[in-house]
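Novice: Sharing a structure here in structure tokens format.
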Amino acid sequence: MTMEHGEDCCVKVAVHARPLIGDEKLQGCKDCVTVVPGKPQVQIGTHSFTFDHVYGSSGTPSTAMFDECVAPLVEGLFQGYNATVLAYGQTGSGKTYTMGTACKEGTHVGIIPRAMAALFDKIEKLKNQVDFQLRVSFIEILKEEVRDLLDPATVTAGKVENGNGHTGKLSVPGKPPVQIREGSNGVITLSGSTEVHVTTQKEMTTCLEQGSLSRATGSTNMNNQSSHAIFTITLEQMRKADPIMASDGMPIEEMNDDYLCAKLHLVDLAGSERAKRTGSDGLRFKEGVHINRGLLALGNVISALGDEKKRKEGAHVPYRDSKLTRLLQDSLGGNSKTVMIACISPADINAEETLNTLKYANRARNIQNKPIVSLSSLASLETYQTCTYTFFIKLISFSP
Ligand SMILES: Nc1ncnc2c1ncn2[C@@H]1O[C@H](COP(=O)(O)OP(=O)(O)OP(=O)(O)O)[C@@H](O)[C@H]1O
């Protein structure tokens, strides 16, 4: 049950507590996190935090997370609302498991594959009325550098094995770096990164799998994946001039505008542990500082968005302080919808980092409920018609 946050709140914060896992059990770790039964409340030591939802442990089953937190964002894309899902937490807390970024074999299906399924289900329902175009990009931000995980030159080539047996990625010499640009309409775009036009769920899944393989891995003492990985789905819709009614006679959902464009960022953030915890120096420490820059900026942006008084006074939101916040600028705050999932480990050896994660997530939760005033990505039909139709989904007649 949500507390003061309403359904339309632009930022929701959920906690996902994973169970104790192999090594922790072997080491005899104790569970130091308590979820208050029937309440979205987490206790650790003398601290108590209330969120919009708490999943795992004795909270709501994790299987409900997609429907409660992410399905409304996928739905919002069809009304033109940008959205961001962020998985935050220390290394090993379950971010990748929660997001489904790594596409490992097994029965668990993470948020990204479920978002894809929901998206294609809805497209199937609306395809007689609306033309859809879908694009995906998959990038990582490492040391304040944006890298294209779908670059055809690095998806298959340029992979290296580092000392720890992890697969890393070499930059292709001469390739210009990926740049984050802001258009005059406030829309953020990436220049120099691959955008793949997809028409099927399978094609989209292939992008996720290929990008995940290309993702660079760090090799700190904690063996963490030290980059922010951002999988972005862009949905363009154009209402058909002469919509065909559904053959089952059911009322068809109306799209109010001729053209809508919205994007969904699915973000597996870098491990949130402090640089000092890596026990590293030199190059790795520098990387730690950069990682913290993104997470620090994200915390500050969220905090600035949450301060209603300052916001009304037109206070500065420090989006420009990191590549991460710059990239998410048009999908964080304003008319967009954001879900932060704070992933936590219950093991007592992680208690300090778990407390830090809960404190960070609590800042996000302090964001006040803001009314949604207008759609973020509207354009006229005329503008749309200058776009290429080449990659539009080929529409076939609807068979119920
Ligand atoms: N809810 C869960 N239920 C069962 N096992 C889980 C759960 N969440 C995570 N795990 C397991 O915990 C381990 C660490 O999870 P994961 O790799 O997702 O962490 P992470 O936060 O992404 O770490 P990294 O920063 O290294 O990528 C994995 O073995 C994963 O299978």
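Chain lettering (A, B, ...) mirrors the order of the structure tokens, residue numbering begins at 1 for each chain separately, and ligand numbering begins at 1 in order of display.
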Would you list the contacts of range 32-48 of chain A as a ChimeraX atom specification, taking every protein, DNA or RNA residue within 10 Å and counting only C-alpha atoms, but skipping same-chain residues closer than 4 positions in sequence?

Specialist: /A:1-3,14-15,17,52-60,344-352,354-355,358-359

Novice: Report as CSV: every residue of chain A with an atom at most 7 Å from ligand 1, its closest pair of atoms, and their distance in Å to one decimal, counting only C-alpha atoms and all ligand atoms, with rows sorted by chain and ascending residue number.

Specialist:
```
residue,atom,partner,partner_atom_place_in_ligand_line,distance
A:Ala17,CA,ligand 1,1 (N),6.5
A:Arg18,CA,ligand 1,1 (N),4.0
A:Pro19,CA,ligand 1,3 (N),5.7
A:Ile21,CA,ligand 1,12 (O),6.2
A:Gly56,CA,ligand 1,1 (N),6.6
A:Gly89,CA,ligand 1,21 (O),6.1
A:Gln90,CA,ligand 1,21 (O),5.8
A:Thr91,CA,ligand 1,25 (O),3.5
A:Gly92,CA,ligand 1,19 (O),3.5
A:Ser93,CA,ligand 1,21 (O),4.0
A:Gly94,CA,ligand 1,18 (O),3.3
A:Lys95,CA,ligand 1,22 (O),3.8
A:Thr96,CA,ligand 1,22 (O),3.6
A:Tyr97,CA,ligand 1,18 (O),3.6
A:Thr98,CA,ligand 1,18 (O),6.3
A:Asn223,CA,ligand 1,26 (O),6.5
A:Asn224,CA,ligand 1,26 (O),3.9
A:Gln225,CA,ligand 1,26 (O),4.6
A:Ser226,CA,ligand 1,25 (O),6.6
A:Ala270,CA,ligand 1,25 (O),5.9
A:Gly271,CA,ligand 1,25 (O),4.7
```

Novice: Output C-alpha atoms for every residue in the selection just made, as a short mmCIF file (atom, residue, chain, number, x, y, z; two decimals), in the first residue's frame.

Specialist:
```cif
data_model
loop_
_atom_site.label_atom_id
_atom_site.label_comp_id
_atom_site.auth_asym_id
_atom_site.auth_seq_id
_atom_site.Cartn_x
_atom_site.Cartn_y
_atom_site.Cartn_z
CA ALA A 17 15.53 -7.60 -0.80
CA ARG A 18 17.21 -10.70 -2.10
CA PRO A 19 17.63 -13.83 0.05
CA ILE A 21 22.94 -16.54 -1.26
CA GLY A 56 11.30 -10.07 -1.29
CA GLY A 89 22.46 -0.97 -4.90
CA GLN A 90 25.84 -2.31 -3.96
CA THR A 91 27.63 -4.93 -6.04
CA GLY A 92 25.98 -8.31 -5.61
CA SER A 93 22.73 -6.88 -4.23
CA GLY A 94 20.69 -8.15 -7.20
CA LYS A 95 20.49 -5.23 -9.65
CA THR A 96 21.23 -7.33 -12.71
CA TYR A 97 18.97 -10.12 -11.48
CA THR A 98 16.15 -7.60 -10.91
CA ASN A 223 34.60 -8.13 -8.86
CA ASN A 224 31.79 -5.75 -9.60
CA GLN A 225 30.29 -4.64 -12.83
CA SER A 226 31.37 -1.07 -12.49
CA ALA A 270 27.00 0.64 -11.18
CA GLY A 271 27.61 -0.73 -7.70
#
```

Novice: Given only C-alpha atoms as the basis, pick out the residue of A:Leu260, A:Ala117, A:Leu328, A:Leu266 nearest to Leu190 in chain A.

Specialist: A:Leu328

Novice: Between CA of His197 in chain A and CA of Thr232 in chain A, what is the distance, to one decimal in Å?

Specialist: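 CA of Thr232 in chain A lies 11.9 Å from CA of His197 in chain A.
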
Novice: Name all residues at most 10 Å from Ile233 in chain A (count only C-alpha atoms; drop same-chain ones fewer than 4 positions away) and give them as number ranges by chain.

Specialist: A: 77, 83, 115-116, 119, 134-138, 195-198, 204, 262-266

Novice: Pick out the residues sitting within 9 Å of Met340 in chain A, and hand them over as a short mmCIF file (atom, residue, chain, number, x, y, z; two decimals) with C-alpha atoms, in the first residue's frame; count only C-alpha atoms, and ignore anything fewer than 6 positions along from it in its own chain.

Specialist:
```
data_model
loop_
_atom_site.label_atom_id
_atom_site.label_comp_id
_atom_site.auth_asym_id
_atom_site.auth_seq_id
_atom_site.Cartn_x
_atom_site.Cartn_y
_atom_site.Cartn_z
CA VAL A 11 8.79 8.96 -8.81
CA LYS A 12 8.18 5.69 -7.03
CA VAL A 13 10.71 3.93 -4.90
CA ALA A 14 10.67 0.22 -4.22
CA VAL A 15 13.05 -1.98 -2.28
CA THR A 84 13.05 5.51 -16.37
CA VAL A 85 13.55 2.41 -14.25
CA LEU A 86 16.70 2.51 -12.12
CA ALA A 87 18.19 -0.44 -10.23
CA TYR A 88 20.39 0.91 -7.46
CA ALA A 361 16.55 5.56 -1.84
CA ALA A 364 14.20 9.76 -3.81
CA ARG A 365 11.05 8.86 -1.97
#
```

Novice: I need the residue nearest Asn82 in chain A from this list: A:Cys10, A:Pro177, A:Ala229, A:Lys125. Use only C-alpha atoms for the distance.

Specialist: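 The answer is A:Cys10, which sits nearest to Asn82 in chain A.
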
Novice: From the options A:Ile302, A:Leu26, A:Leu327, A:Leu296, which residue's atoms come nearest to Ile230 in chain A, counting only C-alpha atoms?

Specialist: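 Closest candidate: A:Leu327.
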